[in-house]
Amino acid sequence: MFTGMRRALLAVALTGAAAAPFASPAAGYPDHPIRWLVPFSAGGGSDIATRIVAKHVGETLGQPVVVENRPGAATIVAAQETARAAPDGYTLLTAGMSTLALNPWLYSKLPYDPQKSLTPVSTLVALPIVLVVAPDSGLHSLADVTAYLKRDKPGSYASLGVGSPHHLAMELFLETIKGQAMAIPYKGTPPALQDVAAGVLPMMMADLAAARPLIQAGKLRAIAVPAARRSEQLPDVPTFAQAGGPAFEAAAWQGVVAPAGTPAPIVEKLSQAIVQALQSPDVVKQLTLQGMEPTGSTPEAFAAYARQEHERWGAVIRHKGISAE
């Protein structure tokens with residue numbers, strides 16, 4: 001099968017028409033630095049992952065990739081800025097579950113449309129989640145946790161804000177087992193984990209990377225991971241299915257997008273550079289040490305995955321009546 005370019009060249013050859021040589025929009029790209037926006041504060045997991053990958057991408061493309069933090073409003077600030085940027089390949093955004101899959105369900109009005117305002121480039125990293133409990137909670141297994149959540153009296157758990165991946169993971173678990181518990185929102189992972197470790201609240205779904213040091217120190221007990229297989233970083237912790245619970249998967253994830261209308265050849269060139277970075281042994285090692293799983297994909301595969309996640313979590317949000325407003 002001919003590509004679009006080959007079909008065009010063949011048509012010219014067959015008609016004998018004279019034409020100027022085809023010039024791809026990516027031929028001279030990039031010729032100056034690229035801005036890569038991160039919708040979170042410096043030092044967090046998404047920021048670290050972006051900076052690790054951006055350095056490698058810059059070396060591959062031969063131009064600096066400058067990472068800029070644009071936190072605020074559940075990633076909406078950075079998404080809006082990206083959507084309004086020139087579609088020339090010089091503005092990128094680290095965009096994940098909140099930006100692409102959750103915000104359209106959590107907010108009645110958004111200043112950007114995930115499918116119309118942004119162009120998928122590649123997946124970036126997966127951020128595994130683990131169910132943890134307080135060591136003195138009396139909860140030693142998934143069966144104990146399930147029994148606690150199915151009591152006549154509603155339980156409680158620490159949550160990283162309304163509509164966060166961790167909040168929704170717990171709500172999906174509750175829906176699956178027909179349990180009930182009140183979400184107690186926190187503004188960040190460290191204070192939530194500290195309160196669970198201290199026994200203020202009995203449990204939470206947490207970033208594996210953030211929780212692992214406390215688990216290894218015996219300050220938190222890991223019960224199960226909502227994944228298809230065990231984490232290499234917590235090999236002794238079973239999946240929910242292995243622990244006798246529902247076989248469901250939940251993880252935070254991040255990808256890379258550009259403004260809508262960015263030429264396909266440029267998007268493809270960026271995607272290839274990002275995937276190459278994520279396959280680099282040095283990058284893999286750095287991300288793994290941070291508790292992240294490097295992914296990387298074609299733009300088409302990322303678009304399909306984001307749509308799938310949008311529908312999947314939208315069903316949970318609608319059923320539970322969750323709103324961030």
# chains A, B, ... in the order shown; residues from 1 in each chain; ligands from 1
$ residues_around --residues "Val257 (chain A)" --least-positions-apart "5" --cutoff "7 Å" --atoms "only C-alpha atoms" --output "ChimeraX atom specification"
/A:92-95,118-121
$ residues_around --residues "region 276-291 of chain A" --least-positions-apart "3" --cutoff "8 Å" --atoms "only C-alpha atoms" --output "list in words"
Gly45, Ala49, Ile52, Val53, His56, Val57, Leu124, Leu127, Pro128, Leu208, Ala209, Ala210, Gln233, Gln272, Ala273, Pro294, Thr295 and Gly296 of chain A
$ residues_around --residues "Gly244 (chain A)" --least-positions-apart "4" --cutoff "8 Å" --atoms "only C-alpha atoms" --output "VMD selection string"
chain A and resid 142 to 143 240
$ residues_around --residues "region 219-228 of chain A" --least-positions-apart "6" --cutoff "7 Å" --atoms "only C-alpha atoms" --output "list of chain:residue names"
A:Ile129, A:Val130, A:Leu131, A:Val132, A:Val133, A:Ala134, A:Pro135, A:Ser141, A:Leu142, A:Ala197, A:Val237, A:Pro238, A:Thr239, A:Phe240, A:Ala243, A:Phe248, A:Glu249, A:Ala250
$ closest_residue --among "A:Ala73, A:Ala206, A:Val256, A:Ala86" --to "Ala303 (chain A)" --atoms "only C-alpha atoms"
A:Val256
$ select_by_dssp --residues "region 140-289 of chain A" --states "strand (DSSP E)" --output "PyMOL selection string"
chain A and resi 155-159+181-185+203-207+221-224+251-259
$ write_last_selection --atoms "C-alpha atoms" --output "CSV table (one decimal), in the first residue's frame"
chain,number,residue,atom,x,y,z
A,155,GLY,CA,-15.6,3.5,56.7
A,156,SER,CA,-13.2,6.2,55.6
A,157,TYR,CA,-10.0,6.6,53.6
A,158,ALA,CA,-7.5,9.3,52.7
A,159,SER,CA,-7.9,10.7,49.2
A,181,ALA,CA,-16.5,4.7,52.8
A,182,MET,CA,-16.1,8.4,53.1
A,183,ALA,CA,-13.2,10.0,51.1
A,184,ILE,CA,-11.2,12.5,53.3
A,185,PRO,CA,-9.4,14.8,50.8
A,203,MET,CA,-6.1,3.3,54.4
A,204,MET,CA,-5.6,4.9,51.0
A,205,MET,CA,-4.8,4.2,47.4
A,206,ALA,CA,-1.3,5.8,47.0
A,207,ASP,CA,1.4,6.3,44.4
A,221,ARG,CA,1.4,-2.1,55.2
A,222,ALA,CA,0.9,-2.8,51.5
A,223,ILE,CA,-2.2,-4.9,50.8
A,224,ALA,CA,-2.5,-5.2,47.0
A,251,ALA,CA,-2.9,3.5,37.6
A,252,ALA,CA,-2.1,7.2,37.0
A,253,TRP,CA,-0.5,7.9,33.7
A,254,GLN,CA,1.1,10.7,31.8
A,255,GLY,CA,1.6,11.3,28.1
A,256,VAL,CA,2.7,14.1,25.8
A,257,VAL,CA,0.5,16.3,23.6
A,258,ALA,CA,0.9,19.3,21.3
A,259,PRO,CA,-1.6,21.9,20.1
$ residues_around --residues "Ala54 (chain A)" --least-positions-apart "4" --cutoff "9 Å" --atoms "only C-alpha atoms" --output "ChimeraX atom specification"
/A:36,49-50,58-59,64-67,274,277
$ write_last_selection --atoms "C-alpha atoms" --output "short mmCIF file (atom, residue, chain, number, x, y, z; two decimals), in the first residue's frame"
data_model
loop_
_atom_site.label_atom_id
_atom_site.label_comp_id
_atom_site.auth_asym_id
_atom_site.auth_seq_id
_atom_site.Cartn_x
_atom_site.Cartn_y
_atom_site.Cartn_z
CA TRP A 36 7.64 21.57 27.28
CA ALA A 49 9.78 12.21 34.37
CA THR A 50 9.42 15.10 31.93
CA GLY A 58 16.75 17.52 23.08
CA GLU A 59 19.93 15.59 22.39
CA PRO A 64 17.30 22.38 23.79
CA VAL A 65 13.98 21.31 25.28
CA VAL A 66 13.08 23.78 28.03
CA VAL A 67 10.76 22.46 30.73
CA ILE A 274 10.21 10.41 22.90
CA ALA A 277 14.28 8.25 24.95
#
$ closest_residue --among "A:Val77, A:Ile215, A:Ala247, A:Ile48" --to "Thr176 (chain A)" --atoms "only C-alpha atoms"
A:Ala247
$ closest_residue --among "A:Leu234, A:Tyr305, A:Met292, A:Gly89" --to "Pro213 (chain A)" --atoms "only C-alpha atoms"
A:Leu234
$ residues_around --residues "region 310-322 of chain A" --least-positions-apart "6" --cutoff "12 Å" --atoms "only C-alpha atoms" --output "PyMOL selection string"
chain A and resi 96-108+114-115+161-176+180+183+248-252+303-304
$ atom_distance --atom1 "CA of Ala126 (chain A)" --atom2 "CA of Gly199 (chain A)"
28.7 Å
$ atom_distance --atom1 "CA of Pro154 (chain A)" --atom2 "CA of Leu193 (chain A)"
20.8 Å
